[in-house]
Amino acid sequence: MASALDDLYRELILDHYRRPRHRGRIEPYDAQAQGYNPLCGDDLTLWVRLEDGRVAAVGTESNGCSISQASASMMSERIVGMTLPEVEQLIGAFKGMMLQGAEPDPDLVGDLEALQGVKRYPVRIKCALLAWNTLIEAIERTRGESGGRPATSE
Amino acid sequence: MASALDDLYRELILDHYRRPRHRGRIEPYDAQAQGYNPLCGDDLTLWVRLEDGRVAAVGTESNGCSISQASASMMSERIVGMTLPEVEQLIGAFKGMMLQGAEPDPDLVGDLEALQGVKRYPVRIKCALLAWNTLIEAIERTRGESGGRPATSE
Amino acid sequence: MRDLRATRQDFPILQRTVRGRPLVYLDSAATSQKPLAVIEAIEGYYRTSNANIHRGIHTLGDEATEAYENARAKVARFIGAPSPRGVVFVRNTTEGINLVAYAWGRRNVRADDEIILTEMEHHSNLIPWQMLANEVGARLRFVPLAPDGTFAPEALERLLSARTRLVALPHMSNVLGTINPVRAVADLAHAAGALVVVDGAQSVPHLPVDVREMGCDFLAFSGHKMCAPTGIGVLWGREDLLEAMEPFMAGGGMIREVHWDYATWDEIPHRFEAGTPNIAGAVGLGAAVDYLEGIGMAAIRQHEVEITAYALEALRHLGDVTLYGPRDAQRRGGVVSFNVAGVHPHDLGTVLDEHGVAIRAGHHCCQPLMRKLGVPATARASFYLYNVPEEIEALVAAVQHARELFSGVRAR
Amino acid sequence: MRDLRATRQDFPILQRTVRGRPLVYLDSAATSQKPLAVIEAIEGYYRTSNANIHRGIHTLGDEATEAYENARAKVARFIGAPSPRGVVFVRNTTEGINLVAYAWGRRNVRADDEIILTEMEHHSNLIPWQMLANEVGARLRFVPLAPDGTFAPEALERLLSARTRLVALPHMSNVLGTINPVRAVADLAHAAGALVVVDGAQSVPHLPVDVREMGCDFLAFSGHKMCAPTGIGVLWGREDLLEAMEPFMAGGGMIREVHWDYATWDEIPHRFEAGTPNIAGAVGLGAAVDYLEGIGMAAIRQHEVEITAYALEALRHLGDVTLYGPRDAQRRGGVVSFNVAGVHPHDLGTVLDEHGVAIRAGHHCCQPLMRKLGVPATARASFYLYNVPEEIEALVAAVQHARELFSGVRAR
Ligand SMILES: Cc1ncc(COP(=O)(O)O)c(C=O)c1O
Ligand SMILES: Cc1ncc(COP(=O)(O)O)c(C=O)c1O
């Protein structure tokens, strides 16, 4: 038991949970998006600023469990400096790892690999995905593509 | 098998089914009542004329199975000439025989005893009772007691 | 006749006797019997995985949720639905149709609009539309039936107009057996701008059904008629229609956000499943789908065509028997309604029961159709995969006995 | 503590393990586990008597009808109803409340009327009234809760007026455990000319309940929370009110006469049971009532008071734990909601699951109450007859583990 829980709640994750990075609204921003898991009650607001086609700044405000908070924090840290195609590649790799059990490319996912322990707890996967689905929504908004519905990881 | 069915469909019952007595509307009448079994689709209209406190004439129109038809026919035959208290006593004895399995008083129920075979077929009991419940309704109407809802033996 | 005889072993109830005779169950159109695989799926669910769904954070809750959603995915595949999102679990066909009448009908049908039904409607596909029409001031119109209990698409065409909002009809009649031309109906209705609701209570259990091929907008059916438990049924709806609909019932499990005086709704299909659903029922329905697919819906259909043809022929041969519906077994499902001259259907039912033969007698929840046929009731024998020709022979022998009993020629 | 320990043998699922540990099932407020007697009643029904009800003329149909109506009579006795005529079988509590909101509410609540609820409503006893109020232009008002999660009848009295049409409240809160003074509420509401709907989802399974003593007009509850199958529940209603109501859903089995454009209705309770009901579910509910009565509702209540007191005490003792609801176990049911400082309820749920302990974490379908409590979610442990003190100890040990995990003091 201890080892499965240790694998879920790795130090890295607990560290991001206790000291989340990139908290709070940023100004100015190019896109804002909201995510919500109706059955958990977890919610998240994400702001993104682009400069020269790259993510220049990210901010989040959220309520939720350690997994959703840590996932948002780690994601924010990772995407700063990336181009949008790079962000999309990362999203694809992360969701592939979490949902299809794809073997993650270490260069691509980096320390996000730590979230793999969630896979043993299927009901928690949506916690790990909330920030990422909200990010997809935000990216669509930078392109003016979205209908403006809150994202959900149901 | 043959004997249970023979007991249900006694010659007396089949005879009343083939040649029902007291068919058709009567004029004048003191009370008219309708009965209906929604799940069977059986229906019955009953007319009663009283003279000097006794049943002077009875008429029925009905659609239904052999049991409901024969029961109406046998009932009509029995009650002509009875006072209302006598009719009510008969109704009580008949329903007691059919529903509570009371041992029928031969003097009271007479050849209605033939309908006892129905008791082996619980779902058919309401067929046997339709005419009787309609009669209760008609009697209440002669006293101005009823709300005018069709009777049912559900 | 294709031999599905071996399937009889799968149905424990078929071993029982009735009034000392082996049970001959010819009432599957009312409700089907259940194979062991389904009974065991229910039992297994309660013995090992029972929990409430969608809200859990524990293992049992996960297992129950997965079992429930797996069942939905199986049902979607079974009826050719584009995805499980259009599959709403309800109690039965009746609730499915009421759901459409309330959640779609109350918002989309207005005074002077028209709803077209057929003259063969089951009460469950008639009264919900009556209540709607009477409430909003709309009108019902009925596609008339030919003497053989069928209608041609042209008969519908004559009723369609710019006022038609909806056409609702059974895929297969539970009295006449008639299989209706739903694809042609859907094409005509859609050309007139109307939606199509198909009552699949009798077809989904017995024929290969594909909602995309049918082209309908809603399809309702009941688990209990297709080897599954009571208390579970399905409303399939086109996803874009469901997305645009407000909920029917409200409560736990179908919300996004709830405030003191308003709420917002969850995604489809959950939006339409308020409260704790019949989880074990859905699991049983999933097992029934597996069971039926294991045998093959085409094989079941073929078997029923053959046994129906045999029954029609045998009853016709008896004489004094009036049969209702199309003559050709290919054009009908495994339902044979009939009357025997001089024998009321209830009496027939009782005599047959004494022979162990279970049929239905009555109006079959089709009172207007009975009036149209000019009878108070009919007897109805209906078939499923587990019926065998000997059972038709038992039926015919029992009908023969009833005729004799009521003609005064007592057979002792 | 009164020893109902032996009942654990009756529940097969309690033998299973979760993640290698024996299952500790503390989520009965979501859904209860099922005793063998209920599982076997369902199985027995399908193996021997399955048929459609109320329409048959054959032996199986009789047996099924009798089993179904017997279950109704048992339920009526169980809740002290004057007769089975007031007992309507529905899917669950949620459907029962929606039935009242549609069939009674839509005809009796008008613009500017008021419906009074409490601040502890489950979404199932909140959103149906919201939808009704928003449709007809009525207003909802909420009895405020004291800090301990209770309210005094006077708090209701201040809201009652000539505009009040209805007071709806839970007999027992699924979050706070609070047992509400329904009799006093009913007397006040009736004096003001309002009806009373009681959400009995949490009380009927756990306390002796008598509708005559409560004095309510409607009572809704779910089978699945009281040892019975999923997909079956009850709306009890005062017979004179039910008699005066139009149907909610329409279809087979609830009619008297059907014409092309209108229909008349069957007697209560059948008028409210359109379509083929969950027959096996009702049979299972009857078996559950027998089972619970065999143990005795007073004994179950006593057991739960004791185990709840034990759990409250043990959790309080841990420190850093916030408990919600009344302090006194006599004033509450067997439901304990709590939060542990620094540990999100979902994380708590996951850690507990690893210990085999099944609790619920979330808003418990009470989002407005969560906002009132100022938390996004709570953890909730809930008890039933089969829980034993060792399970409380397992709960406490697991909570302790979670606290350590999240405080950085890893317990290896
Ligand atoms: C107080 C209360 N009301 C209503 C409900 C709804 O019950 P169901 O989901 O069975 O309809 C529940 C259970 O979830 C409850 O606890
Ligand atoms: C054609 C048809 N429609 C609807 C129904 C209603 O099905 P249920 O009673 O399962 O809702 C039936 C079965 O009785 C039927 O045969």
# chains A, B, ... in the order shown; residues from 1 in each chain; ligands from 1
$ select_by_dssp --residues "range 146-315 of chain C" --states "helix (DSSP H, G or I)" --output "ChimeraX atom specification"
/C:153-157,182-191,211-214,223-225,239-244,270-272,279-295,297-315
$ interface_residues --of "chain B" --to "chain D" --cutoff "10 Å" --atoms "only C-alpha atoms" --output "PyMOL selection string"
chain B and resi 36-41+121-124+152+154
$ residues_near_ligand --ligand "ligand 1" --cutoff "9 Å" --atoms "only C-alpha atoms and all ligand atoms" --output "MDAnalysis selection string"
(chainID C and resid 52 251:253 274:277) or (chainID D and resid 29:31 91:97 120:125 169:175 199:203 220:225 230:233 364:365)
$ atom_distance --atom1 "CA of Val24 in chain C" --atom2 "CA of Gly356 in chain C"
5.7 Å
$ residues_around --residues "Ala155 in chain D" --least-positions-apart "3" --cutoff "10 Å" --atoms "only C-alpha atoms" --output "list of chain:residue names"
D:Thr118, D:Phe142, D:Val143, D:Pro144, D:Leu145, D:Ala146, D:Phe151, D:Ala152, D:Arg158, D:Leu159, D:Leu160
$ closest_residue --among "D:Leu60, D:Ala76, D:Asn50, D:Ala250" --to "ligand 2" --atoms "only C-alpha atoms and all ligand atoms"
D:Ala250
$ closest_residue --among "D:Glu157, D:Glu273, D:Asp217, D:Glu43" --to "ligand 2" --atoms "only C-alpha atoms and all ligand atoms"
D:Glu273
$ residues_around --residues "Ala57 in chain B" --least-positions-apart "2" --cutoff "9 Å" --atoms "only C-alpha atoms" --output "ChimeraX atom specification"
/B:22,26,29,47-51,55,59,76,79-81
$ write_last_selection --atoms "N, CA and C atoms" --output "PDB file, in the first residue's frame"
ATOM      1  N   HIS B  22     -82.450 -11.723 -19.222  1.00  0.00           N
ATOM      2  CA  HIS B  22     -82.618 -10.301 -18.880  1.00  0.00           C
ATOM      3  C   HIS B  22     -81.708  -9.372 -19.678  1.00  0.00           C
ATOM      4  N   ILE B  26     -84.375  -1.695 -20.000  1.00  0.00           N
ATOM      5  CA  ILE B  26     -85.796  -1.746 -19.618  1.00  0.00           C
ATOM      6  C   ILE B  26     -86.313  -0.323 -19.448  1.00  0.00           C
ATOM      7  N   TYR B  29     -87.124   2.786 -15.626  1.00  0.00           N
ATOM      8  CA  TYR B  29     -86.209   2.209 -14.634  1.00  0.00           C
ATOM      9  C   TYR B  29     -85.952   3.223 -13.530  1.00  0.00           C
ATOM     10  N   TRP B  47     -79.804  -1.881 -15.660  1.00  0.00           N
ATOM     11  CA  TRP B  47     -80.977  -1.081 -15.329  1.00  0.00           C
ATOM     12  C   TRP B  47     -81.807  -1.845 -14.297  1.00  0.00           C
ATOM     13  N   VAL B  48     -82.351  -1.127 -13.342  1.00  0.00           N
ATOM     14  CA  VAL B  48     -83.153  -1.761 -12.293  1.00  0.00           C
ATOM     15  C   VAL B  48     -84.444  -0.970 -12.105  1.00  0.00           C
ATOM     16  N   ARG B  49     -85.569  -1.675 -12.032  1.00  0.00           N
ATOM     17  CA  ARG B  49     -86.840  -1.027 -11.686  1.00  0.00           C
ATOM     18  C   ARG B  49     -87.353  -1.621 -10.384  1.00  0.00           C
ATOM     19  N   LEU B  50     -87.763  -0.746  -9.486  1.00  0.00           N
ATOM     20  CA  LEU B  50     -88.300  -1.188  -8.197  1.00  0.00           C
ATOM     21  C   LEU B  50     -89.811  -0.977  -8.166  1.00  0.00           C
ATOM     22  N   GLU B  51     -90.497  -1.887  -7.507  1.00  0.00           N
ATOM     23  CA  GLU B  51     -91.926  -1.687  -7.252  1.00  0.00           C
ATOM     24  C   GLU B  51     -92.200  -2.188  -5.851  1.00  0.00           C
ATOM     25  N   VAL B  55     -87.298  -5.574  -6.325  1.00  0.00           N
ATOM     26  CA  VAL B  55     -86.807  -5.509  -7.696  1.00  0.00           C
ATOM     27  C   VAL B  55     -87.892  -6.077  -8.605  1.00  0.00           C
ATOM     28  N   GLY B  59     -82.386  -5.249 -16.380  1.00  0.00           N
ATOM     29  CA  GLY B  59     -81.895  -5.414 -17.749  1.00  0.00           C
ATOM     30  C   GLY B  59     -80.398  -5.197 -17.788  1.00  0.00           C
ATOM     31  N   SER B  76     -79.099 -11.479 -12.471  1.00  0.00           N
ATOM     32  CA  SER B  76     -80.360 -10.834 -12.841  1.00  0.00           C
ATOM     33  C   SER B  76     -81.528 -11.749 -12.508  1.00  0.00           C
ATOM     34  N   ILE B  79     -82.170 -11.848  -8.597  1.00  0.00           N
ATOM     35  CA  ILE B  79     -82.617 -10.727  -7.763  1.00  0.00           C
ATOM     36  C   ILE B  79     -84.034 -10.260  -8.055  1.00  0.00           C
ATOM     37  N   VAL B  80     -84.582 -10.668  -9.170  1.00  0.00           N
ATOM     38  CA  VAL B  80     -85.950 -10.225  -9.453  1.00  0.00           C
ATOM     39  C   VAL B  80     -86.876 -10.762  -8.366  1.00  0.00           C
ATOM     40  N   GLY B  81     -87.624  -9.861  -7.776  1.00  0.00           N
ATOM     41  CA  GLY B  81     -88.530 -10.253  -6.702  1.00  0.00           C
ATOM     42  C   GLY B  81     -87.982 -10.015  -5.309  1.00  0.00           C
TER      43      GLY B  81
END
$ closest_residue --among "C:Pro389, C:Pro229, C:Pro128, C:Gly193" --to "Gly286 in chain C" --atoms "only C-alpha atoms"
C:Pro229
$ residues_around --residues "range 104-113 of chain B" --least-positions-apart "2" --cutoff "9 Å" --atoms "only C-alpha atoms" --output "MDAnalysis selection string"
chainID B and resid 12 71 74:75 78 89:90 93:94 96:97 101:102 115:117
$ decode --residues "range 120-133 of chain A" --atoms "N, CA and C atoms" --output "CSV table (one decimal), in the first residue's frame"
chain,number,residue,atom,x,y,z
A,120,ARG,N,-3.2,4.5,-11.7
A,120,ARG,CA,-3.7,3.4,-10.9
A,120,ARG,C,-5.0,3.8,-10.3
A,121,TYR,N,-5.4,5.1,-10.4
A,121,TYR,CA,-6.6,5.5,-9.7
A,121,TYR,C,-7.5,6.2,-10.8
A,122,PRO,N,-8.2,5.4,-11.6
A,122,PRO,CA,-8.9,5.9,-12.8
A,122,PRO,C,-9.7,7.2,-12.5
A,123,VAL,N,-10.4,7.2,-11.3
A,123,VAL,CA,-11.3,8.3,-11.1
A,123,VAL,C,-10.5,9.6,-10.9
A,124,ARG,N,-9.2,9.5,-10.6
A,124,ARG,CA,-8.5,10.7,-10.4
A,124,ARG,C,-7.8,11.2,-11.7
A,125,ILE,N,-7.9,10.5,-12.7
A,125,ILE,CA,-7.2,10.9,-14.0
A,125,ILE,C,-7.8,12.3,-14.4
A,126,LYS,N,-9.1,12.4,-14.2
A,126,LYS,CA,-9.7,13.7,-14.7
A,126,LYS,C,-9.2,14.9,-13.8
A,127,CYS,N,-8.7,14.6,-12.6
A,127,CYS,CA,-8.1,15.7,-11.8
A,127,CYS,C,-6.8,16.1,-12.5
A,128,ALA,N,-6.0,15.1,-13.0
A,128,ALA,CA,-4.8,15.5,-13.6
A,128,ALA,C,-5.0,16.2,-14.9
A,129,LEU,N,-6.1,15.9,-15.6
A,129,LEU,CA,-6.3,16.5,-16.9
A,129,LEU,C,-7.0,17.8,-16.9
A,130,LEU,N,-7.6,18.2,-15.8
A,130,LEU,CA,-8.4,19.5,-15.8
A,130,LEU,C,-7.6,20.7,-16.4
A,131,ALA,N,-6.3,20.9,-15.9
A,131,ALA,CA,-5.5,22.0,-16.3
A,131,ALA,C,-5.3,21.9,-17.8
A,132,TRP,N,-5.0,20.7,-18.3
A,132,TRP,CA,-4.7,20.5,-19.7
A,132,TRP,C,-5.9,20.7,-20.6
A,133,ASN,N,-7.0,20.3,-20.2
A,133,ASN,CA,-8.2,20.6,-21.0
A,133,ASN,C,-8.5,22.1,-21.0
